[in-house]
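Undergrad: So here's final-v3.cif (mmCIF, C-alpha atoms).
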```
data_query
#
loop_
_atom_site.label_atom_id
_atom_site.label_comp_id
_atom_site.auth_asym_id
_atom_site.auth_seq_id
_atom_site.Cartn_x
_atom_site.Cartn_y
_atom_site.Cartn_z
CA MET A 195 178.50 32.37 229.48
CA THR A 196 181.16 31.62 226.92
CA ARG A 197 180.27 29.70 223.81
CA GLY A 198 183.55 27.86 223.78
CA LYS A 199 187.00 29.13 223.04
CA ILE A 200 187.60 30.29 219.50
CA GLU A 201 190.62 28.37 218.33
CA GLN A 202 193.73 29.83 216.84
CA PRO A 203 195.06 27.45 214.19
CA THR A 204 198.60 26.27 214.85
CA ASP A 205 199.66 24.87 211.47
CA TRP A 206 198.70 24.74 207.79
CA ALA A 207 196.55 21.62 208.28
CA ALA A 208 194.53 23.44 210.95
CA LEU A 209 194.21 26.47 208.66
CA GLU A 210 192.98 24.28 205.80
CA LYS A 211 190.42 22.66 208.10
CA ALA A 212 189.18 26.07 209.35
CA PHE A 213 188.96 27.30 205.75
CA ALA A 214 187.04 24.23 204.58
CA GLU A 215 184.61 24.43 207.50
CA LYS A 216 184.22 28.23 207.26
CA ALA A 217 185.12 28.24 210.94
CA THR A 218 185.49 31.36 213.05
CA ILE A 219 189.07 31.66 214.22
CA ALA A 220 190.95 34.00 216.53
CA GLY A 221 193.77 36.21 215.38
CA THR A 222 195.77 39.15 216.65
CA VAL A 223 196.03 42.28 214.56
CA THR A 224 199.76 42.97 214.30
CA GLY A 225 199.73 46.11 212.21
CA ALA A 226 198.14 48.36 209.66
CA VAL A 227 199.56 47.76 206.19
CA LYS A 228 198.81 49.26 202.80
CA GLY A 229 195.22 48.38 201.95
CA GLY A 230 194.32 46.67 205.21
CA LEU A 231 195.65 44.91 208.29
CA SER A 232 198.22 42.26 209.03
CA VAL A 233 196.77 39.56 211.28
CA ASP A 234 198.57 36.75 213.12
CA ILE A 235 196.43 33.59 212.96
CA GLY A 236 199.33 31.24 213.57
CA VAL A 237 200.73 32.48 210.26
CA ARG A 238 200.66 36.00 208.84
CA ALA A 239 197.37 36.78 207.15
CA PHE A 240 196.07 39.85 205.35
CA MET A 241 192.72 41.50 206.01
CA PRO A 242 191.62 43.94 203.30
CA ALA A 243 190.40 47.27 204.68
CA SER A 244 186.95 46.59 203.22
CA ARG A 245 186.67 43.42 205.35
CA THR A 246 187.64 44.96 208.70
CA GLY A 247 184.17 46.20 209.59
CA THR A 248 185.60 49.65 210.37
CA ARG A 249 184.91 52.89 208.60
CA ASP A 250 188.28 54.63 208.47
CA ALA A 251 192.02 54.34 209.02
CA ALA A 252 191.83 55.66 212.59
CA GLU A 253 189.40 52.88 213.56
CA MET A 254 191.63 50.32 211.84
CA GLU A 255 194.62 51.58 213.85
CA LYS A 256 192.66 50.93 217.06
CA LEU A 257 192.47 47.24 216.12
CA VAL A 258 196.26 46.85 216.20
CA GLY A 259 197.16 44.66 219.18
CA GLN A 260 193.57 43.43 219.57
CA GLU A 261 192.47 39.83 219.35
CA ILE A 262 189.73 39.54 216.76
CA ARG A 263 187.47 36.86 215.37
CA CYS A 264 187.65 36.28 211.67
CA ARG A 265 187.15 33.74 208.92
CA ILE A 266 189.63 32.63 206.26
CA THR A 267 188.36 33.63 202.82
CA LYS A 268 191.44 32.71 200.80
CA LEU A 269 194.09 30.11 201.55
CA ASP A 270 196.99 29.30 199.28
CA VAL A 271 199.39 26.99 201.10
CA ASP A 272 201.99 26.99 198.32
CA ASP A 273 202.30 30.78 198.30
CA GLU A 274 201.61 31.03 202.06
CA ASP A 275 198.91 33.52 201.13
CA VAL A 276 196.08 33.83 203.63
CA VAL A 277 193.26 36.39 203.50
CA VAL A 278 190.83 36.81 206.40
CA ASP A 279 187.50 38.59 206.79
CA ARG A 280 186.14 40.08 210.00
CA ARG A 281 183.04 41.71 208.54
CA VAL A 282 181.35 38.40 207.75
CA ILE A 283 181.50 37.48 211.48
CA SER A 284 179.79 40.67 212.65
CA LYS A 285 177.22 40.34 209.86
CA MET A 286 176.37 36.79 211.03
CA LYS A 287 176.11 38.01 214.63
CA LYS A 288 173.67 40.77 213.59
CA GLN A 289 171.55 38.30 211.62
CA ARG A 290 171.37 35.97 214.63
CA GLN A 291 170.41 38.84 216.94
CA SER A 292 167.72 40.18 214.62
CA SER A 293 166.25 36.74 213.97
CA SER A 294 166.03 36.03 217.71
CA VAL A 295 164.41 39.42 218.38
CA PHE A 296 161.80 39.03 215.64
CA PRO A 297 160.92 35.34 215.33
CA ASN A 298 158.90 34.43 212.26
#
```
Would you write out, as structure tokens, the structure that this file holds?

TA:
Amino acid sequence: MTRGKIEQPTDWAALEKAFAEKATIAGTVTGAVKGGLSVDIGVRAFMPASRTGTRDAAEMEKLVGQEIRCRITKLDVDDEDVVVDRRVISKMKKQRQSSSVFPN
């Protein structure tokens, strides 16, 4: 019952496409860094702590080594600066679940 494999972008063109389409992408959390997490999405990306969907540092540490779903919220190819957001994915999932449970 999979909805299709979430793709991991392989180059900057793929990242730009995912960013433009607000696509959900897969990434691997590689470490906790000051202010958030480092995520490998084909390139190194930063996820601010506020966008991880976790409450505290201990929960963030548990994400290290995990594959996560996220969305690119900032992409600067020239500076190779990529920011990703995981919270928006879980928020969308909750909205879908609640709307299917309580149809209008």

Undergrad: Report as a ChimeraX atom specification the residues that result from applying the PyMOL selection byres ((chain A and resi 230) around 9) to the structure here.

TA: /A:225-229,231-232,240-246,251,254

Undergrad: Which is closest to A:Leu257 among A:Met286, A:Glu210, A:Lys216, A:Arg280, if we use all atoms listed in the file?

TA: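 Smallest distance to A:Leu257 is found for A:Arg280.
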
Undergrad: Expand the PyMOL selection byres ((chain A and resi 264-278) around 7) into the explicit residue set it covers here, and present it as a PDB file with C-alpha atoms, keeping the file's coordinate frame.

TA:
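Result written to out.pdb:
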```pdb
ATOM      1  CA  PHE A 213     188.960  27.300 205.750  1.00  0.00           C
ATOM      2  CA  LYS A 216     184.220  28.230 207.260  1.00  0.00           C
ATOM      3  CA  ALA A 217     185.120  28.240 210.940  1.00  0.00           C
ATOM      4  CA  THR A 218     185.490  31.360 213.050  1.00  0.00           C
ATOM      5  CA  ILE A 219     189.070  31.660 214.220  1.00  0.00           C
ATOM      6  CA  ALA A 220     190.950  34.000 216.530  1.00  0.00           C
ATOM      7  CA  ALA A 239     197.370  36.780 207.150  1.00  0.00           C
ATOM      8  CA  PHE A 240     196.070  39.850 205.350  1.00  0.00           C
ATOM      9  CA  MET A 241     192.720  41.500 206.010  1.00  0.00           C
ATOM     10  CA  ILE A 262     189.730  39.540 216.760  1.00  0.00           C
ATOM     11  CA  ARG A 263     187.470  36.860 215.370  1.00  0.00           C
ATOM     12  CA  ASP A 279     187.500  38.590 206.790  1.00  0.00           C
ATOM     13  CA  ARG A 280     186.140  40.080 210.000  1.00  0.00           C
ATOM     14  CA  ILE A 283     181.500  37.480 211.480  1.00  0.00           C
TER      15      ILE A 283
END
```

Undergrad: So the first atom is atom CA of A:Val282 and the second is atom CA of A:Gly247; what is the distance between them in Å, to one decimal place?

TA: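 If I compute the distance from atom CA of A:Val282 to atom CA of A:Gly247, I get 8.5 Å.
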
Undergrad: Using only C-alpha atoms, which of the listed residues (A:Gln291, A:Val223, A:Lys285, A:Val237) sits closest to A:Glu255?

TA: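 The closest residue to A:Glu255 is A:Val223.
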
Undergrad: To one decimal place, how far is atom CA of A:Ile235 from atom CA of A:Lys287 in Å?

TA: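 Interatomic distance, atom CA of A:Ile235 to atom CA of A:Lys287: 20.9 Å.
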
Undergrad: Could you please determine the separation between atom CA of A:Glu215 and atom CA of A:Arg290 in Å, to one decimal place?

TA: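 Between atom CA of A:Glu215 and atom CA of A:Arg290 the gap works out to 19.0 Å.
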
Undergrad: For the file shown, report as a count of residues only the outcome of the PyMOL selection byres ((chain A and resi 261) around 6) at residue level.

TA: 4
